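Source file: upload06.cif. Holds: mmCIF, C-alpha atoms.
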data_protein
loop_
_atom_site.label_atom_id
_atom_site.label_comp_id
_atom_site.auth_asym_id
_atom_site.auth_seq_id
_atom_site.Cartn_x
_atom_site.Cartn_y
_atom_site.Cartn_z
CA MET A 1 107.48 99.05 124.56
CA ALA A 2 105.61 99.72 121.35
CA PRO A 3 104.73 103.29 120.35
CA ARG A 4 101.32 104.37 121.56
CA ASP A 5 98.59 104.64 119.01
CA HIS A 6 96.62 107.46 120.60
CA GLU A 7 97.86 110.95 121.33
CA ASP A 8 95.71 111.11 124.48
CA ASP A 9 97.45 108.10 126.07
CA ASP A 10 99.88 109.00 128.84
CA LEU A 11 102.60 107.30 130.83
CA SER A 12 102.05 106.39 134.47
CA LEU A 13 104.64 107.14 137.16
CA HIS A 14 105.70 103.48 136.98
CA ASP A 15 106.17 103.83 133.21
CA LEU A 16 108.31 106.92 133.74
CA ILE A 17 110.71 105.08 136.07
CA GLU A 18 110.72 101.57 134.61
CA GLY A 19 110.31 102.35 130.89
CA PRO A 20 110.00 102.79 128.05
CA THR A 21 113.38 101.19 127.51
CA ARG A 22 113.16 100.96 123.70
CA ASP A 23 114.77 104.30 123.21
CA LEU A 24 115.42 103.91 119.48
CA THR A 25 113.77 102.46 116.41
CA ALA A 26 114.44 98.81 115.62
CA ALA A 27 116.79 99.87 112.84
CA ARG A 28 118.75 102.13 115.16
CA ALA A 29 118.93 99.42 117.82
CA ALA A 30 120.31 97.01 115.21
CA ALA A 31 122.94 99.55 114.24
CA LEU A 32 123.95 99.96 117.89
CA ALA A 33 124.21 96.20 118.28
CA ARG A 34 126.67 96.11 115.40
CA THR A 35 128.90 98.71 117.09
CA ARG A 36 128.66 97.24 120.59
CA PRO A 37 129.89 93.83 121.75
CA ALA A 38 127.48 91.35 123.26
CA SER A 39 128.76 91.96 126.79
CA VAL A 40 126.55 93.44 129.49
CA ASP A 41 126.16 97.21 129.45
CA HIS A 42 127.26 98.22 132.95
CA GLU A 43 125.73 100.92 135.08
CA VAL A 44 128.15 103.79 134.96
CA ASP A 45 129.54 106.69 136.92
CA GLY A 46 131.28 108.18 133.91
CA THR A 47 133.91 105.41 134.10
CA SER A 48 131.54 102.45 133.70
CA GLY A 49 131.14 102.07 137.44
CA ASP A 50 134.66 100.74 137.77
CA PRO A 51 136.96 102.97 139.83
CA GLN A 52 139.91 100.67 139.27
CA GLY A 53 139.57 100.63 135.48
CA SER A 54 139.41 96.84 135.39
CA GLN A 55 136.46 96.48 133.00
CA PRO A 56 137.69 95.23 129.62
CA HIS A 57 135.45 97.66 127.75
CA ASP A 58 137.00 100.72 129.44
CA ARG A 59 140.35 101.92 128.15
CA ARG A 60 141.74 104.95 129.91
CA GLY A 61 144.15 107.46 128.54
CA GLU A 62 145.18 111.06 128.73
CA GLY A 63 142.61 113.58 127.54
CA VAL A 64 143.06 117.33 127.31
CA ALA A 65 142.71 120.11 129.89
CA GLY A 66 143.39 117.64 132.70
CA ARG A 67 140.47 115.36 131.80
CA ARG A 68 140.82 111.59 132.06
CA ARG A 69 139.85 109.90 128.79
CA VAL A 70 137.70 106.75 128.93
CA VAL A 71 137.26 104.87 125.66
CA LEU A 72 134.15 102.68 125.43
CA ASP A 73 133.84 99.72 123.10
CA GLY A 74 130.46 100.91 121.84
CA LEU A 75 127.65 103.39 122.31
CA PRO A 76 125.76 102.84 125.58
CA ALA A 77 122.04 102.07 125.62
CA SER A 78 120.10 105.05 126.89
CA GLY A 79 117.05 103.30 128.37
CA ALA A 80 118.80 102.30 131.61
CA LEU A 81 120.43 105.73 131.86
CA TYR A 82 117.07 107.49 131.73
CA ARG A 83 115.67 105.14 134.38
CA ARG A 84 118.61 106.05 136.60
CA ALA A 85 117.97 109.76 135.99
CA LEU A 86 114.28 109.38 136.83
CA LEU A 87 115.03 107.43 140.00
CA GLY A 88 117.40 110.22 140.96
CA VAL A 89 114.51 112.63 141.52
CA VAL A 90 112.76 110.26 143.95
CA PRO A 91 113.34 111.52 147.55
CA GLY A 92 115.99 109.46 149.34
CA VAL A 93 117.22 107.79 146.15
CA GLY A 94 119.09 110.51 144.25
CA GLY A 95 122.74 111.05 145.10
CA ARG A 96 124.60 114.25 145.82
CA ARG A 97 125.51 116.57 142.95
CA GLY A 98 129.08 117.51 142.22
CA ALA A 99 130.45 120.98 142.78
CA ASP A 100 132.07 121.03 139.34
CA VAL A 101 132.00 119.23 136.01
CA PRO A 102 133.63 115.78 136.00
CA ALA A 103 137.27 115.74 134.88
CA VAL A 104 136.59 113.01 132.36
CA GLU A 105 135.84 112.69 128.66
CA LEU A 106 134.13 109.66 127.17
CA ALA A 107 135.02 108.40 123.71
CA VAL A 108 133.82 105.76 121.27
CA GLY A 109 135.10 104.90 117.83
CA GLY A 110 133.71 103.61 114.56
CA VAL A 111 130.05 104.63 114.92
CA SER A 112 128.28 103.86 111.67
CA VAL A 113 125.00 105.15 110.23
CA ASP A 114 122.03 102.89 109.68
CA GLN A 115 120.27 104.19 106.58
CA ARG A 116 116.82 103.16 107.81
CA HIS A 117 117.31 105.09 111.02
CA LEU A 118 118.58 108.09 109.06
CA ALA A 119 115.47 107.94 106.86
CA ASP A 120 113.31 107.79 110.00
CA TYR A 121 115.07 110.84 111.42
CA ASP A 122 114.75 112.75 108.14
CA ARG A 123 111.03 112.03 108.05
CA VAL A 124 110.43 113.22 111.63
CA CYS A 125 112.46 116.42 111.15
CA GLY A 126 111.49 117.30 107.58
CA PHE A 127 114.80 116.69 105.81
CA ARG A 128 115.01 115.36 102.26
CA LEU A 129 116.48 111.87 101.86
CA THR A 130 120.11 112.21 100.74
CA ASP A 131 123.45 110.49 101.42
CA ARG A 132 124.70 113.59 103.23
CA LEU A 133 123.98 113.67 106.97
CA PRO A 134 122.06 116.66 108.33
CA ALA A 135 124.14 118.67 110.78
CA THR A 136 121.76 117.86 113.63
CA TYR A 137 121.90 114.10 112.91
CA LEU A 138 125.45 113.87 114.28
CA HIS A 139 124.05 115.21 117.58
CA VAL A 140 121.59 112.31 117.64
CA LEU A 141 124.21 109.77 116.58
CA GLY A 142 126.54 110.68 119.45
CA PHE A 143 123.85 111.59 121.99
CA PRO A 144 124.03 108.29 123.96
CA LEU A 145 127.65 109.07 124.80
CA SER A 146 126.76 112.52 126.17
CA LEU A 147 123.79 110.99 127.98
CA ARG A 148 126.11 108.55 129.74
CA LEU A 149 128.23 111.46 130.92
CA MET A 150 125.23 113.48 132.10
CA THR A 151 123.68 110.62 134.09
CA SER A 152 126.86 109.83 136.02
CA PRO A 153 126.63 110.22 139.82
CA GLY A 154 128.04 113.55 140.88
CA PHE A 155 127.25 115.28 137.60
CA PRO A 156 126.43 118.83 138.79
CA ILE A 157 123.08 119.23 137.00
CA PRO A 158 120.36 116.53 137.14
CA LEU A 159 119.30 115.34 133.71
CA THR A 160 115.58 115.06 134.48
CA GLY A 161 113.98 118.46 134.24
CA VAL A 162 117.09 120.09 132.76
CA VAL A 163 116.44 122.93 130.31
CA HIS A 164 118.30 122.99 127.00
CA VAL A 165 118.87 126.71 126.48
CA ALA A 166 121.25 126.87 123.51
CA ASN A 167 123.02 124.73 120.93
CA ARG A 168 125.84 125.49 118.53
CA ILE A 169 126.90 123.08 115.77
CA THR A 170 129.93 123.57 113.55
CA VAL A 171 130.18 121.51 110.36
CA HIS A 172 133.78 121.54 109.13
CA ARG A 173 132.92 119.41 106.11
CA PRO A 174 129.95 117.32 104.98
CA VAL A 175 129.69 113.77 106.37
CA GLU A 176 128.37 111.06 104.06
CA VAL A 177 126.20 108.14 105.10
CA GLY A 178 128.92 105.54 104.44
CA GLU A 179 131.48 107.11 106.79
CA SER A 180 132.14 105.94 110.35
CA VAL A 181 132.53 108.58 113.03
CA ASP A 182 134.60 108.64 116.21
CA PHE A 183 133.01 110.65 119.05
CA HIS A 184 134.21 112.08 122.32
CA THR A 185 132.27 114.17 124.83
CA TYR A 186 132.98 116.22 127.93
CA ALA A 187 131.41 118.96 130.07
CA GLU A 188 132.87 122.38 130.77
CA ASN A 189 132.19 125.93 131.88
CA LEU A 190 129.89 125.37 134.87
CA ARG A 191 128.62 128.82 135.79
CA PRO A 192 125.90 130.49 137.86
CA HIS A 193 122.61 131.61 136.37
CA GLU A 194 119.82 133.67 137.94
CA ARG A 195 117.67 130.53 137.98
CA GLY A 196 120.34 127.98 138.89
CA ARG A 197 123.49 126.78 137.13
CA GLN A 198 124.47 126.33 133.49
CA LEU A 199 127.11 124.23 131.79
CA ASP A 200 128.17 123.20 128.30
CA VAL A 201 128.29 119.61 127.06
CA VAL A 202 130.64 119.30 124.10
CA LEU A 203 130.35 116.47 121.58
CA VAL A 204 133.03 116.15 118.88
CA GLY A 205 132.87 113.95 115.77
CA SER A 206 136.05 112.97 113.94
CA ILE A 207 136.86 110.86 110.88
CA GLY A 208 140.37 109.54 110.30
CA GLY A 209 141.68 111.68 113.15
CA GLU A 210 140.25 114.89 111.67
CA GLU A 211 137.52 116.82 113.47
CA VAL A 212 134.59 117.15 111.07
CA TRP A 213 131.79 118.17 113.42
CA ARG A 214 131.40 119.81 116.83
CA GLY A 215 128.28 120.40 118.91
CA VAL A 216 128.01 122.46 122.09
CA SER A 217 124.79 122.14 124.10
CA THR A 218 124.16 124.57 126.94
CA TYR A 219 121.96 123.23 129.73
CA LEU A 220 120.34 125.00 132.67
CA GLY A 221 119.66 123.20 135.92
CA LYS A 222 117.05 125.14 137.89
CA GLU A 223 117.71 125.48 141.61
CA ARG A 224 115.42 126.84 144.30
CA ALA A 225 118.22 128.68 146.04
CA ALA A 226 119.10 130.68 142.93
CA GLY A 227 118.46 134.39 143.14
CA GLY A 228 115.80 135.74 140.82
CA GLY A 229 116.77 138.50 138.44
CA PRO A 230 114.65 141.15 136.81
CA ARG A 231 112.19 139.86 134.25
CA ARG A 232 111.59 141.69 131.01
CA ASP A 233 108.15 143.14 130.55
CA PRO A 234 106.34 141.15 127.82
CA GLY A 235 105.31 144.48 126.36
CA ASP A 236 108.96 145.07 125.44
CA ARG A 237 108.97 142.05 123.15
CA PRO A 238 109.60 143.06 119.52
CA ALA A 239 107.08 142.10 116.88
CA PRO A 240 107.94 138.78 115.21
CA PRO A 241 109.17 138.84 111.60
CA ALA A 242 106.84 137.87 108.78
CA ALA A 243 106.40 134.12 108.60
CA SER A 244 107.57 132.22 105.55
CA ALA A 245 105.95 128.96 106.75
CA ARG A 246 103.60 127.64 109.42
CA TRP A 247 103.93 124.18 110.91
CA ARG A 248 101.43 122.26 113.00
CA VAL A 249 103.32 120.50 115.81
CA THR A 250 101.36 117.53 117.16
CA PRO A 251 102.03 115.38 120.27
CA ARG A 252 103.43 112.72 117.93
CA VAL A 253 106.41 115.02 117.34
CA GLY A 254 107.44 114.46 120.97
CA THR A 255 107.15 110.68 120.90
CA ASP A 256 108.49 110.24 117.35
CA TYR A 257 111.54 112.42 117.96
CA ALA A 258 112.19 110.65 121.26
CA ARG A 259 112.19 107.34 119.41
CA VAL A 260 114.65 108.40 116.69
CA SER A 261 116.89 110.47 118.96
CA GLY A 262 117.00 108.38 122.14
CA ASP A 263 116.10 111.52 124.14
CA HIS A 264 113.27 110.21 126.32
CA ASN A 265 113.10 113.05 128.81
CA PRO A 266 109.46 112.71 129.96
CA ILE A 267 108.79 116.45 129.64
CA HIS A 268 108.57 115.73 125.90
CA THR A 269 106.61 112.49 125.87
CA SER A 270 104.23 112.41 128.85
CA LYS A 271 101.59 114.67 130.35
CA LEU A 272 102.45 113.40 133.82
CA GLY A 273 106.17 113.77 133.18
CA ALA A 274 105.70 117.34 131.97
CA ARG A 275 103.57 118.26 135.00
CA LEU A 276 106.12 116.81 137.41
CA PHE A 277 108.60 119.38 136.13
CA GLY A 278 106.36 122.39 135.90
CA PHE A 279 104.98 122.21 132.35
CA PRO A 280 101.19 122.07 131.88
CA ARG A 281 101.63 119.76 128.89
CA PRO A 282 104.50 118.10 126.99
CA ILE A 283 106.86 120.31 125.00
CA ALA A 284 108.76 119.66 121.78
CA HIS A 285 112.45 118.78 121.97
CA GLY A 286 114.60 121.83 121.34
CA MET A 287 116.76 119.83 118.93
CA TRP A 288 113.69 118.87 116.92
CA SER A 289 112.86 122.57 116.57
CA LYS A 290 116.41 123.32 115.46
CA ALA A 291 116.42 120.41 113.01
CA ARG A 292 113.06 121.43 111.54
CA CYS A 293 114.36 124.97 110.92
CA LEU A 294 117.57 123.64 109.41
CA ALA A 295 115.58 121.34 107.13
CA ALA A 296 113.74 124.39 105.77
CA LEU A 297 117.12 126.01 105.01
CA ALA A 298 118.87 122.86 103.78
CA PRO A 299 118.96 123.68 100.04
CA ARG A 300 120.71 126.99 100.84
CA LEU A 301 123.36 125.78 103.29
CA PRO A 302 127.08 125.92 102.40
CA GLU A 303 129.53 123.01 102.68
CA ALA A 304 130.91 124.25 106.01
CA TYR A 305 129.09 126.49 108.51
CA THR A 306 128.13 127.08 112.12
CA VAL A 307 124.46 127.05 113.11
CA ASP A 308 123.79 128.66 116.46
CA VAL A 309 120.42 128.73 118.23
CA SER A 310 119.01 130.00 121.50
CA PHE A 311 115.92 128.24 122.78
CA LYS A 312 113.43 130.74 124.18
CA LEU A 313 109.95 129.65 125.23
CA PRO A 314 109.01 125.95 124.93
CA VAL A 315 106.87 124.74 122.03
CA PRO A 316 103.82 123.16 123.71
CA LEU A 317 102.33 120.04 122.17
CA PRO A 318 100.13 120.53 120.25
CA SER A 319 100.59 124.01 118.79
CA THR A 320 101.17 125.88 115.53
CA VAL A 321 104.49 127.67 114.98
CA ALA A 322 105.60 130.25 112.44
CA PHE A 323 109.05 129.95 110.80
CA SER A 324 110.86 132.98 109.40
CA ALA A 325 114.25 133.35 107.71
CA SER A 326 116.20 136.19 106.13
CA ALA A 327 119.55 136.33 104.34
CA ALA A 328 122.40 137.87 106.36
CA GLY A 329 125.38 138.31 104.05
CA ALA A 330 126.49 134.80 103.11
CA GLY A 331 124.46 133.32 105.97
CA TRP A 332 120.99 133.31 107.44
CA ASP A 333 119.06 134.54 110.45
CA PHE A 334 116.00 132.51 111.36
CA ALA A 335 113.40 132.22 114.10
CA LEU A 336 110.44 130.22 115.30
CA HIS A 337 107.47 131.96 116.94
CA SER A 338 104.04 131.04 118.17
CA ALA A 339 101.60 131.48 115.30
CA ARG A 340 98.91 132.48 117.82
CA ASP A 341 100.54 135.27 119.82
CA GLY A 342 104.03 135.76 118.35
CA ARG A 343 105.93 134.59 121.42
CA PRO A 344 109.48 133.48 120.50
CA HIS A 345 110.42 129.82 120.66
CA LEU A 346 113.82 129.87 118.98
CA VAL A 347 116.20 132.34 117.34
CA GLY A 348 119.19 131.24 115.32
CA SER A 349 121.79 132.02 112.72
CA VAL A 350 123.88 130.25 110.09
CA ARG A 351 127.33 131.66 109.41
#
Exercise: express the given structure as structure tokens:
Amino acid sequence: MAPRDHEDDDLSLHDLIEGPTRDLTAARAAALARTRPASVDHEVDGTSGDPQGSQPHDRRGEGVAGRRRVVLDGLPASGALYRRALLGVVPGVGGRRGADVPAVELAVGGVSVDQRHLADYDRVCGFRLTDRLPATYLHVLGFPLSLRLMTSPGFPIPLTGVVHVANRITVHRPVEVGESVDFHTYAENLRPHERGRQLDVVLVGSIGGEEVWRGVSTYLGKERAAGGGPRRDPGDRPAPPAASARWRVTPRVGTDYARVSGDHNPIHTSKLGARLFGFPRPIAHGMWSKARCLAALAPRLPEAYTVDVSFKLPVPLPSTVAFSASAAGAGWDFALHSARDGRPHLVGSVR
């Protein structure tokens, strides 16, 4: 499905369930084809839909912490996985949710970078074109693997409508564009929240057996039965710091980032999709907001660091946001606020 030319165009309910299936740019799709054999991509339950382990593209082994390790021959395509997630919210179609995180980790080896896709990503997020991968790009590169895990039947939190509340990325050393990365992913730490349940999805990137990158995404699944806690009075909100930059965030940010990241959650790309999950209009991807802030800090980042963010209020599309940053010892504190009323969208640190 080709990108839409007009920002006012919107997806129908049929579009939300049956497409769009072109979850990546043509360059990215070509790169995936080079890392994946020509065999059919099976529907999966976290073990490729094969409880006996007989599929040739699944190789099982021992993981850590009691998790079963499933090695895939290539990155899965995310279009079918999003269609499954969307069908899961249709009454009578969605399956039961698990009581705990699955005791499985998914792995894939030899994932290479397509330079055209990297350039596309850099353009959407504001990075300069270099041979060194932005820290947030490894999240995008391995995201289809985490998506496969999160769309498996029995996963405790439904993907569609999930709220990304925090993300921590640790860069152990820079990764260059010519290097191939091995990924593995797993979920852990399912815990209650006043609005539902939270868990962490961990994605690890390694080169030559050495961990070079680790991302931890914290997701909240809202549940009606959850007990409501006290809400902070908006009057208690501190004044935002002085802005060092203002960015206009258009609806194209939602569709363009979805295309380069493979994250086609409809709350980011469709008015109808956003309304179905309680948002009056589409919202920017949290990882786009993090990447855009990191791009502003890129010339000042060290070789190895951890960048930690908490996502506060969504960035509605369109809107104007104010970015602020201040030195904190050898690191940085940064934030993103609404340029109109100062409401916080993101707070983060680099250490």
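Nearest to Met287 (chain A) of all the residues A:Gln115, A:Thr136, A:Ser319, A:Ser244 is A:Thr136, based on all atoms listed in the file.
Restricting the calculation to all atoms listed in the file, the smallest distance between Val124 (chain A) and any of A:Leu297, A:Ala166, A:Val253, A:Ala325 is found for A:Val253.
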List the spatial neighbours of Glu176 (chain A) as a VMD selection string - criterion: any atom at most 12 Å away, only C-alpha atoms, same-chain residues fewer than 3 positions off excluded.
chain A and resid 112 to 115 118 130 to 135 137 to 138 173 179 to 181 207 212
Evaluate the PyMOL selection byres ((chain A and resi 192) around 12) here and jot the selected residues down as a compact mmCIF listing (two decimals) with C-alpha atoms, in the coordinates of the input.
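Result saved to selection22.txt:
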# COMPACT_ATOMS: atom_id res chain seq x y z
CA ALA A 99 130.45 120.98 142.78
CA ASP A 100 132.07 121.03 139.34
CA PRO A 156 126.43 118.83 138.79
CA ILE A 157 123.08 119.23 137.00
CA ASN A 189 132.19 125.93 131.88
CA LEU A 190 129.89 125.37 134.87
CA ARG A 191 128.62 128.82 135.79
CA HIS A 193 122.61 131.61 136.37
CA GLU A 194 119.82 133.67 137.94
CA ARG A 195 117.67 130.53 137.98
CA GLY A 196 120.34 127.98 138.89
CA ARG A 197 123.49 126.78 137.13
CA GLN A 198 124.47 126.33 133.49
CA LEU A 199 127.11 124.23 131.79
CA TYR A 219 121.96 123.23 129.73
CA LEU A 220 120.34 125.00 132.67
CA GLY A 221 119.66 123.20 135.92
CA LYS A 222 117.05 125.14 137.89
CA GLU A 223 117.71 125.48 141.61
CA ALA A 225 118.22 128.68 146.04
CA ALA A 226 119.10 130.68 142.93
CA GLY A 227 118.46 134.39 143.14
CA GLY A 228 115.80 135.74 140.82
Checklist entry - Using all atoms listed in the file, can you list as a PyMOL selection string the residues within 12 Å of (101.1, 133.2, 118.1)? => result chain A and resi 239-243+246-247+313+315-316+319-323+336-345
If we count all atoms listed in the file and set the cut-off at 12 Å, which residues sit around Leu203 (chain A), ignoring sequence neighbours fewer than 3 positions away in its own chain? Please answer as a VMD selection string.
chain A and resid 105 to 108 136 138 to 147 149 167 to 170 181 to 188 200 206 211 to 218
Next item on the list: Would you write out, as a VMD selection string, every residue that the PyMOL selection byres ((chain A and resi 349-351) around 8) captures in this file?
Entry: chain A and resid 305 to 309 330 to 334 347 to 348
Output the selection as a short mmCIF file (atom, residue, chain, number, x, y, z; two decimals), in the frame of the given file - C-alpha atoms for each residue.
data_model
loop_
_atom_site.label_atom_id
_atom_site.label_comp_id
_atom_site.auth_asym_id
_atom_site.auth_seq_id
_atom_site.Cartn_x
_atom_site.Cartn_y
_atom_site.Cartn_z
CA TYR A 305 129.09 126.49 108.51
CA THR A 306 128.13 127.08 112.12
CA VAL A 307 124.46 127.05 113.11
CA ASP A 308 123.79 128.66 116.46
CA VAL A 309 120.42 128.73 118.23
CA ALA A 330 126.49 134.80 103.11
CA GLY A 331 124.46 133.32 105.97
CA TRP A 332 120.99 133.31 107.44
CA ASP A 333 119.06 134.54 110.45
CA PHE A 334 116.00 132.51 111.36
CA VAL A 347 116.20 132.34 117.34
CA GLY A 348 119.19 131.24 115.32
#
re CA of Gly74 (chain A) and CA of Arg123 (chain A): distance 26.3 Å
- Query: Which residue, A:Arg128, A:Val101, A:Val111, A:Pro280, has the smallest gap to Ala295 (chain A) when you use only C-alpha atoms?
  - Reply: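 Checking each of A:Arg128, A:Val101, A:Val111, A:Pro280 against Ala295 (chain A), counting only C-alpha atoms, the winner is A:Arg128.
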Starting from the displayed file, determine the output of the PyMOL selection byres ((chain A and resi 268) around 12) and express the residue list as a PDB file with C-alpha atoms, keeping the file's coordinate frame.
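Everything below was put into result_30.pdb:
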ATOM      1  CA  ASP A  10      99.880 109.000 128.840  1.00  0.00           C
ATOM      2  CA  LEU A  11     102.600 107.300 130.830  1.00  0.00           C
ATOM      3  CA  LEU A  16     108.310 106.920 133.740  1.00  0.00           C
ATOM      4  CA  THR A 160     115.580 115.060 134.480  1.00  0.00           C
ATOM      5  CA  GLY A 161     113.980 118.460 134.240  1.00  0.00           C
ATOM      6  CA  VAL A 162     117.090 120.090 132.760  1.00  0.00           C
ATOM      7  CA  VAL A 163     116.440 122.930 130.310  1.00  0.00           C
ATOM      8  CA  THR A 250     101.360 117.530 117.160  1.00  0.00           C
ATOM      9  CA  PRO A 251     102.030 115.380 120.270  1.00  0.00           C
ATOM     10  CA  ARG A 252     103.430 112.720 117.930  1.00  0.00           C
ATOM     11  CA  VAL A 253     106.410 115.020 117.340  1.00  0.00           C
ATOM     12  CA  GLY A 254     107.440 114.460 120.970  1.00  0.00           C
ATOM     13  CA  THR A 255     107.150 110.680 120.900  1.00  0.00           C
ATOM     14  CA  ASP A 256     108.490 110.240 117.350  1.00  0.00           C
ATOM     15  CA  TYR A 257     111.540 112.420 117.960  1.00  0.00           C
ATOM     16  CA  ALA A 258     112.190 110.650 121.260  1.00  0.00           C
ATOM     17  CA  ARG A 259     112.190 107.340 119.410  1.00  0.00           C
ATOM     18  CA  GLY A 262     117.000 108.380 122.140  1.00  0.00           C
ATOM     19  CA  ASP A 263     116.100 111.520 124.140  1.00  0.00           C
ATOM     20  CA  HIS A 264     113.270 110.210 126.320  1.00  0.00           C
ATOM     21  CA  ASN A 265     113.100 113.050 128.810  1.00  0.00           C
ATOM     22  CA  PRO A 266     109.460 112.710 129.960  1.00  0.00           C
ATOM     23  CA  ILE A 267     108.790 116.450 129.640  1.00  0.00           C
ATOM     24  CA  THR A 269     106.610 112.490 125.870  1.00  0.00           C
ATOM     25  CA  SER A 270     104.230 112.410 128.850  1.00  0.00           C
ATOM     26  CA  LYS A 271     101.590 114.670 130.350  1.00  0.00           C
ATOM     27  CA  LEU A 272     102.450 113.400 133.820  1.00  0.00           C
ATOM     28  CA  GLY A 273     106.170 113.770 133.180  1.00  0.00           C
ATOM     29  CA  ALA A 274     105.700 117.340 131.970  1.00  0.00           C
ATOM     30  CA  ARG A 275     103.570 118.260 135.000  1.00  0.00           C
ATOM     31  CA  LEU A 276     106.120 116.810 137.410  1.00  0.00           C
ATOM     32  CA  PHE A 277     108.600 119.380 136.130  1.00  0.00           C
ATOM     33  CA  PHE A 279     104.980 122.210 132.350  1.00  0.00           C
ATOM     34  CA  PRO A 280     101.190 122.070 131.880  1.00  0.00           C
ATOM     35  CA  ARG A 281     101.630 119.760 128.890  1.00  0.00           C
ATOM     36  CA  PRO A 282     104.500 118.100 126.990  1.00  0.00           C
ATOM     37  CA  ILE A 283     106.860 120.310 125.000  1.00  0.00           C
ATOM     38  CA  ALA A 284     108.760 119.660 121.780  1.00  0.00           C
ATOM     39  CA  HIS A 285     112.450 118.780 121.970  1.00  0.00           C
ATOM     40  CA  GLY A 286     114.600 121.830 121.340  1.00  0.00           C
ATOM     41  CA  MET A 287     116.760 119.830 118.930  1.00  0.00           C
ATOM     42  CA  TRP A 288     113.690 118.870 116.920  1.00  0.00           C
ATOM     43  CA  PRO A 314     109.010 125.950 124.930  1.00  0.00           C
ATOM     44  CA  VAL A 315     106.870 124.740 122.030  1.00  0.00           C
ATOM     45  CA  PRO A 316     103.820 123.160 123.710  1.00  0.00           C
ATOM     46  CA  LEU A 317     102.330 120.040 122.170  1.00  0.00           C
ATOM     47  CA  PRO A 318     100.130 120.530 120.250  1.00  0.00           C
TER      48      PRO A 318
END
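The coordinates place CA of Gly109 (chain A) at 8.8 Å from CA of Leu75 (chain A).
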Can region 140-155 of chain A be brought up to N, CA and C atoms and written out as a compact mmCIF listing (two decimals), in the frame of the given file?
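Resulting contents of result16.txt:
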# COMPACT_ATOMS: atom_id res chain seq x y z
N VAL A 140 122.36 113.49 117.27
CA VAL A 140 121.59 112.31 117.64
C VAL A 140 122.48 111.07 117.66
N LEU A 141 123.37 110.95 116.68
CA LEU A 141 124.21 109.77 116.58
C LEU A 141 125.11 109.63 117.82
N GLY A 142 125.66 110.74 118.30
CA GLY A 142 126.54 110.68 119.45
C GLY A 142 125.87 110.95 120.78
N PHE A 143 124.55 111.21 120.77
CA PHE A 143 123.85 111.59 121.99
C PHE A 143 123.97 110.55 123.11
N PRO A 144 123.91 109.24 122.84
CA PRO A 144 124.03 108.29 123.96
C PRO A 144 125.33 108.45 124.75
N LEU A 145 126.39 108.86 124.09
CA LEU A 145 127.65 109.07 124.80
C LEU A 145 127.54 110.25 125.76
N SER A 146 126.97 111.36 125.29
CA SER A 146 126.76 112.52 126.17
C SER A 146 125.78 112.18 127.29
N LEU A 147 124.77 111.38 126.97
CA LEU A 147 123.79 110.99 127.98
C LEU A 147 124.47 110.19 129.10
N ARG A 148 125.39 109.34 128.73
CA ARG A 148 126.11 108.55 129.74
C ARG A 148 126.89 109.48 130.67
N LEU A 149 127.49 110.50 130.11
CA LEU A 149 128.23 111.46 130.92
C LEU A 149 127.29 112.21 131.86
N MET A 150 126.14 112.64 131.33
CA MET A 150 125.23 113.48 132.10
C MET A 150 124.45 112.73 133.17
N THR A 151 124.40 111.41 133.08
CA THR A 151 123.68 110.62 134.09
C THR A 151 124.64 110.00 135.10
N SER A 152 125.90 110.37 135.06
CA SER A 152 126.86 109.83 136.02
C SER A 152 126.63 110.45 137.40
N PRO A 153 126.76 109.66 138.47
CA PRO A 153 126.63 110.22 139.82
C PRO A 153 127.63 111.36 140.02
N GLY A 154 127.18 112.42 140.65
CA GLY A 154 128.04 113.55 140.88
C GLY A 154 128.02 114.58 139.77
N PHE A 155 127.36 114.27 138.63
CA PHE A 155 127.25 115.28 137.60
C PHE A 155 126.48 116.47 138.18
